[in-house]
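Colleague: Input: one structure, supplied below.
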Amino acid sequence: MPEREPERVLLEETLPGAAMASYVLPRHHSVRFTDVEGGANVSLLAFNRELLHERYNMADTLKAQHTAFLTRGHVLYSDMGRVLCSVTQDSCGWHDTFTGVSDAAGAARYGERSYETHRNEWVRNAREELLIELGKWGLGRRDLVPNVNLFSKIAPDALGKLRYVVGHSPAGSIVELRAEMNVLLVLSTCPHALDPAPAWAPKPVHVRIARVAATGPEDVCRRSCPENARGFANTERMFLTQITEKSA
Amino acid sequence: MTHSSLQESRLDPSRAVQDHRVGAGRPFLLRIARGQTFRIVDLEGNQAVDTLFYNAHDLADRYSAVDTIRMQGALYLTTGSVIRSTSGRALLQIVADTCGRHDTLGGACASESNTVRYGQHTRHMHSCRDNFLAAIAASGLPLDKRDITSNINFFMNVPVTPEGRLTFEDGISAGGKYVELRAETDVLCLISNCPQLNNPCNAYNPTPIRLLVWDV
């Protein structure tokens, strides 16, 4: 067995609120998002970097893990039965998976804040930002699938009625994802569509990317349910094939 | 679950302009024009009907589970639910429902996700995604895997608890129950009459469904 490498930080930066960004996260690298001021939201999509039509699949993620939300121990499944990312750290306890992105119609409630009048303090929305960012990778509307909203909680009652939980993510909240294959993350830091805050005040998010140890046999995400053990095996099978092809 | 959402229809099947029987485990693709009414009948009960809708004039503007859920402020579909696209457009509205609740979160089975959920021995079993891919490949339409996203599961019971736990439960549907939708725009409808044999979504026994379309 090779020596476990210590975590090595490669990049740290702070995204302003209502920003868009992409990160290529190689296998066994982590990204830690920190909600700097409290009340942030990160609308996130994830793709297999080598095969962009393999992508995060909400339904497969939820039903494999018998959960409607994400927290530490869960993973993000692709539509091909493989693990894109694991949730390795989480101080929030619930990240939303089923309420999608803000759009222009919803953002109209912030009033008239155009680029013409407010320059870069104008009102943005996550749908438009994700489409712009997807466009930089040759992707578009067909790739805008149900996303994850980090730091946001929308709670269902026993009948399935939904309620946005105010104050769910205090300042300093963190969530950390570890890539289990080479992934492309595309994100927007626009406020959640159901955030009732009346004023336009998008919140910044700190990003820290590090190289981390390979996922071991006793890893909390791998061991959290029998489904995840099989999902990791499927993912590792893809890399076995790649090694075989290279050495052949 | 309250029963206030239960709503019967007065439409007469003998006056339908389309009437199809879709066998157990089979796909089906049909067009529904704006203003037409579309009924799915669970002929024998507890059958999951995996369904995707596309704006017929702009196929990238398709059914979106998350926009539908967010805009109605609730997870399940029933009478009054508006089926929304990724741009927020109303594609259809549910106008009658004798089942009472339909799933938005469970998605479709696929051979790949079956290996995760049940093990490698299920890899070569039939699945809804294979049905979707077969139907769009045969259609000649400019659709591929990128156009397959989280679908509706009519008649399927996937309760979410207030703690956020999600389970596949025995169906609440029964033989003869139906759901009826009025198209708000011209839509393309892609169905997989779910072949899953590994969970109770269709009582471990896939059965046929009937699809009807009326010009009203």
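By order of appearance in the structure tokens: chains A, B, ..., then residues from 1 within every chain, and ligands from 1 in the order shown.
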Output as a PDB file with N, CA and C atoms, in the first residue's frame the set of chain B residues within 8 Å of chain A, with distances taken over only C-alpha atoms.
Modeller:
ATOM      1  N   MET B   1     -52.777  11.675   3.843  1.00  0.00           N
ATOM      2  CA  MET B   1     -53.230  12.174   2.537  1.00  0.00           C
ATOM      3  C   MET B   1     -54.713  12.477   2.618  1.00  0.00           C
ATOM      4  N   ALA B  60     -35.837  21.021 -26.140  1.00  0.00           N
ATOM      5  CA  ALA B  60     -34.968  21.276 -24.982  1.00  0.00           C
ATOM      6  C   ALA B  60     -35.753  21.890 -23.822  1.00  0.00           C
ATOM      7  N   ASP B  61     -36.966  22.352 -24.108  1.00  0.00           N
ATOM      8  CA  ASP B  61     -37.832  22.893 -23.056  1.00  0.00           C
ATOM      9  C   ASP B  61     -38.751  21.749 -22.627  1.00  0.00           C
ATOM     10  N   SER B  64     -39.675  19.507 -16.119  1.00  0.00           N
ATOM     11  CA  SER B  64     -38.666  19.687 -15.079  1.00  0.00           C
ATOM     12  C   SER B  64     -39.291  19.386 -13.731  1.00  0.00           C
ATOM     13  N   ALA B  65     -38.807  18.319 -13.110  1.00  0.00           N
ATOM     14  CA  ALA B  65     -39.325  17.937 -11.788  1.00  0.00           C
ATOM     15  C   ALA B  65     -39.153  19.072 -10.793  1.00  0.00           C
ATOM     16  N   VAL B  66     -37.964  19.674 -10.773  1.00  0.00           N
ATOM     17  CA  VAL B  66     -37.682  20.652  -9.715  1.00  0.00           C
ATOM     18  C   VAL B  66     -38.451  21.955  -9.922  1.00  0.00           C
ATOM     19  N   ASP B  67     -38.649  22.371 -11.155  1.00  0.00           N
ATOM     20  CA  ASP B  67     -39.441  23.593 -11.387  1.00  0.00           C
ATOM     21  C   ASP B  67     -40.911  23.340 -11.068  1.00  0.00           C
ATOM     22  N   ILE B  69     -42.038  21.125  -8.842  1.00  0.00           N
ATOM     23  CA  ILE B  69     -42.140  21.024  -7.377  1.00  0.00           C
ATOM     24  C   ILE B  69     -42.087  22.421  -6.752  1.00  0.00           C
ATOM     25  N   ARG B  70     -41.073  23.212  -7.162  1.00  0.00           N
ATOM     26  CA  ARG B  70     -40.898  24.528  -6.537  1.00  0.00           C
ATOM     27  C   ARG B  70     -42.107  25.417  -6.793  1.00  0.00           C
ATOM     28  N   GLY B  73     -44.947  24.330  -4.726  1.00  0.00           N
ATOM     29  CA  GLY B  73     -44.662  24.300  -3.291  1.00  0.00           C
ATOM     30  C   GLY B  73     -44.994  22.966  -2.643  1.00  0.00           C
ATOM     31  N   ALA B  74     -44.909  21.892  -3.419  1.00  0.00           N
ATOM     32  CA  ALA B  74     -45.251  20.568  -2.889  1.00  0.00           C
ATOM     33  C   ALA B  74     -44.591  19.488  -3.735  1.00  0.00           C
ATOM     34  N   LEU B  75     -44.343  18.328  -3.084  1.00  0.00           N
ATOM     35  CA  LEU B  75     -43.574  17.266  -3.743  1.00  0.00           C
ATOM     36  C   LEU B  75     -44.393  16.387  -4.680  1.00  0.00           C
ATOM     37  N   TYR B  76     -45.668  16.167  -4.341  1.00  0.00           N
ATOM     38  CA  TYR B  76     -46.435  15.167  -5.097  1.00  0.00           C
ATOM     39  C   TYR B  76     -47.349  15.850  -6.095  1.00  0.00           C
ATOM     40  N   THR B  86     -38.475  23.298 -17.980  1.00  0.00           N
ATOM     41  CA  THR B  86     -37.274  23.939 -17.434  1.00  0.00           C
ATOM     42  C   THR B  86     -37.341  25.456 -17.535  1.00  0.00           C
ATOM     43  N   LEU B 105     -39.893  12.286  -7.526  1.00  0.00           N
ATOM     44  CA  LEU B 105     -38.486  12.173  -7.104  1.00  0.00           C
ATOM     45  C   LEU B 105     -37.817  10.853  -7.483  1.00  0.00           C
ATOM     46  N   GLY B 106     -38.577   9.816  -7.692  1.00  0.00           N
ATOM     47  CA  GLY B 106     -37.979   8.482  -7.836  1.00  0.00           C
ATOM     48  C   GLY B 106     -37.294   8.231  -9.169  1.00  0.00           C
ATOM     49  N   GLY B 107     -37.649   8.994 -10.197  1.00  0.00           N
ATOM     50  CA  GLY B 107     -36.994   8.839 -11.491  1.00  0.00           C
ATOM     51  C   GLY B 107     -37.256   7.474 -12.113  1.00  0.00           C
ATOM     52  N   ALA B 108     -36.408   7.142 -13.073  1.00  0.00           N
ATOM     53  CA  ALA B 108     -36.577   5.909 -13.840  1.00  0.00           C
ATOM     54  C   ALA B 108     -35.551   4.875 -13.398  1.00  0.00           C
ATOM     55  N   GLU B 112     -27.864   0.499 -15.035  1.00  0.00           N
ATOM     56  CA  GLU B 112     -26.720   0.940 -14.227  1.00  0.00           C
ATOM     57  C   GLU B 112     -27.135   1.226 -12.781  1.00  0.00           C
ATOM     58  N   SER B 113     -28.250   1.946 -12.602  1.00  0.00           N
ATOM     59  CA  SER B 113     -28.653   2.232 -11.216  1.00  0.00           C
ATOM     60  C   SER B 113     -29.180   0.965 -10.534  1.00  0.00           C
ATOM     61  N   ASN B 114     -29.704   0.037 -11.311  1.00  0.00           N
ATOM     62  CA  ASN B 114     -30.109  -1.240 -10.703  1.00  0.00           C
ATOM     63  C   ASN B 114     -28.923  -1.961 -10.076  1.00  0.00           C
ATOM     64  N   THR B 115     -27.738  -1.853 -10.701  1.00  0.00           N
ATOM     65  CA  THR B 115     -26.572  -2.532 -10.110  1.00  0.00           C
ATOM     66  C   THR B 115     -26.218  -1.916  -8.762  1.00  0.00           C
ATOM     67  N   VAL B 116     -26.471  -0.603  -8.615  1.00  0.00           N
ATOM     68  CA  VAL B 116     -26.215   0.068  -7.342  1.00  0.00           C
ATOM     69  C   VAL B 116     -27.260  -0.353  -6.315  1.00  0.00           C
ATOM     70  N   ARG B 117     -28.510  -0.371  -6.738  1.00  0.00           N
ATOM     71  CA  ARG B 117     -29.589  -0.596  -5.770  1.00  0.00           C
ATOM     72  C   ARG B 117     -29.709  -2.073  -5.383  1.00  0.00           C
ATOM     73  N   TYR B 118     -29.469  -2.958  -6.345  1.00  0.00           N
ATOM     74  CA  TYR B 118     -29.786  -4.370  -6.096  1.00  0.00           C
ATOM     75  C   TYR B 118     -28.621  -5.325  -6.321  1.00  0.00           C
ATOM     76  N   GLY B 119     -27.576  -4.875  -7.023  1.00  0.00           N
ATOM     77  CA  GLY B 119     -26.424  -5.751  -7.255  1.00  0.00           C
ATOM     78  C   GLY B 119     -26.222  -6.051  -8.731  1.00  0.00           C
ATOM     79  N   LYS B 145     -29.552  10.638 -24.873  1.00  0.00           N
ATOM     80  CA  LYS B 145     -29.561  10.473 -23.415  1.00  0.00           C
ATOM     81  C   LYS B 145     -29.596  11.808 -22.671  1.00  0.00           C
ATOM     82  N   ARG B 146     -29.012  12.864 -23.293  1.00  0.00           N
ATOM     83  CA  ARG B 146     -29.031  14.173 -22.626  1.00  0.00           C
ATOM     84  C   ARG B 146     -30.456  14.686 -22.428  1.00  0.00           C
ATOM     85  N   ASP B 147     -31.381  14.181 -23.237  1.00  0.00           N
ATOM     86  CA  ASP B 147     -32.763  14.657 -23.161  1.00  0.00           C
ATOM     87  C   ASP B 147     -33.605  13.850 -22.183  1.00  0.00           C
ATOM     88  N   THR B 149     -34.355  13.117 -18.495  1.00  0.00           N
ATOM     89  CA  THR B 149     -34.113  13.712 -17.180  1.00  0.00           C
ATOM     90  C   THR B 149     -35.137  13.149 -16.200  1.00  0.00           C
ATOM     91  N   SER B 150     -35.150  13.691 -14.983  1.00  0.00           N
ATOM     92  CA  SER B 150     -36.031  13.139 -13.948  1.00  0.00           C
ATOM     93  C   SER B 150     -37.481  13.153 -14.411  1.00  0.00           C
ATOM     94  N   VAL B 160     -41.941  10.902   1.188  1.00  0.00           N
ATOM     95  CA  VAL B 160     -40.810  11.538   1.865  1.00  0.00           C
ATOM     96  C   VAL B 160     -41.294  11.932   3.252  1.00  0.00           C
ATOM     97  N   THR B 161     -40.516  11.551   4.268  1.00  0.00           N
ATOM     98  CA  THR B 161     -40.912  11.905   5.627  1.00  0.00           C
ATOM     99  C   THR B 161     -40.436  13.324   5.946  1.00  0.00           C
ATOM    100  N   PRO B 162     -41.012  13.975   6.966  1.00  0.00           N
ATOM    101  CA  PRO B 162     -40.510  15.300   7.355  1.00  0.00           C
ATOM    102  C   PRO B 162     -39.026  15.281   7.718  1.00  0.00           C
ATOM    103  N   GLY B 164     -36.900  13.737   5.956  1.00  0.00           N
ATOM    104  CA  GLY B 164     -36.190  13.687   4.686  1.00  0.00           C
ATOM    105  C   GLY B 164     -35.856  12.292   4.210  1.00  0.00           C
ATOM    106  N   ARG B 165     -36.467  11.295   4.832  1.00  0.00           N
ATOM    107  CA  ARG B 165     -36.233   9.916   4.375  1.00  0.00           C
ATOM    108  C   ARG B 165     -37.170   9.601   3.211  1.00  0.00           C
ATOM    109  N   LEU B 166     -36.636   8.887   2.241  1.00  0.00           N
ATOM    110  CA  LEU B 166     -37.396   8.580   1.026  1.00  0.00           C
ATOM    111  C   LEU B 166     -37.484   7.072   0.885  1.00  0.00           C
ATOM    112  N   THR B 167     -38.699   6.575   0.668  1.00  0.00           N
ATOM    113  CA  THR B 167     -38.868   5.125   0.554  1.00  0.00           C
ATOM    114  C   THR B 167     -39.788   4.801  -0.611  1.00  0.00           C
TER     115      THR B 167
END
Colleague: Residues at most 12 Å from B:Ser173, counting only C-alpha atoms, excluding those fewer than 6 positions away in the same chain, as a ChimeraX atom specification?
Modeller: /B:41-49,97-102,153-157,179,201-203
Colleague: Rank A:Leu130, A:Leu25, A:Cys92, A:Leu177 by their smallest atom-to-atom distance to A:Thr189, using only C-alpha atoms, and report the top residue only.
Modeller: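 Of A:Leu130, A:Leu25, A:Cys92, A:Leu177, the one nearest A:Thr189, counting only C-alpha atoms, is A:Leu130.
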Colleague: Between A:Met181, A:Met20, A:Glu129, A:Asn48, which has the minimum distance to A:Arg237 (counting only C-alpha atoms)?
Modeller: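 Smallest distance to A:Arg237 is found for A:Met181.
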Colleague: Using only C-alpha atoms, tabulate the residues of stretch 84-126 of chain B lying at most 12 Å from any atom of stretch 15-25 of chain B, each with its closest atom pair and that distance in Å to one decimal, by chain and increasing residue number, as CSV.
Modeller:
residue,atom,partner,partner_atom,distance
B:Cys109,CA,B:Gly25,CA,11.6
B:Met125,CA,B:Gly25,CA,11.1
B:His126,CA,B:Gly25,CA,7.8
Colleague: What does the distance between atom CA of A:Trp200 and atom CA of A:Ser188 come to in Å, to one decimal place?
Modeller: 15.3 Å
Colleague: Mind listing the strand (DSSP E) residues of chain B, per DSSP on the backbone, as a PyMOL selection string?
Modeller: chain B and resi 18-22+27-32+37-42+49-55+58-62+82-84+90-97+152-154+177-183+187-193+209-214
Colleague: Rank nothing, just name the residue among A:Leu184, A:Ala46, A:Val83, A:Leu11 nearest to A:Tyr23, using only C-alpha atoms.
Modeller: A:Leu184
Colleague: DSSP says helix (DSSP H, G or I) for which residues of stretch 5-241 of chain A? Put them as a PyMOL selection string?
Modeller: chain A and resi 58-65+104-110+115-121+126-135+141-143+220-223+226-241
Colleague: Just how far from atom CA of A:Leu240 is atom CA of A:Ser30, in Å to one decimal?
Modeller: 21.6 Å
Colleague: Record the distance separating atom CA of B:Arg31 and atom CA of A:Leu139, expressed in Å with one decimal.
Modeller: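 Computed distance, atom CA of B:Arg31 to atom CA of A:Leu139, equals 27.1 Å.
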Colleague: Of the candidates B:Val82, B:Ala96, B:Leu197, B:Ile136, which one gets nearest to B:Glu8 if we count only C-alpha atoms?
Modeller: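 Looking at the shortest contact to B:Glu8, the residue is B:Ala96.
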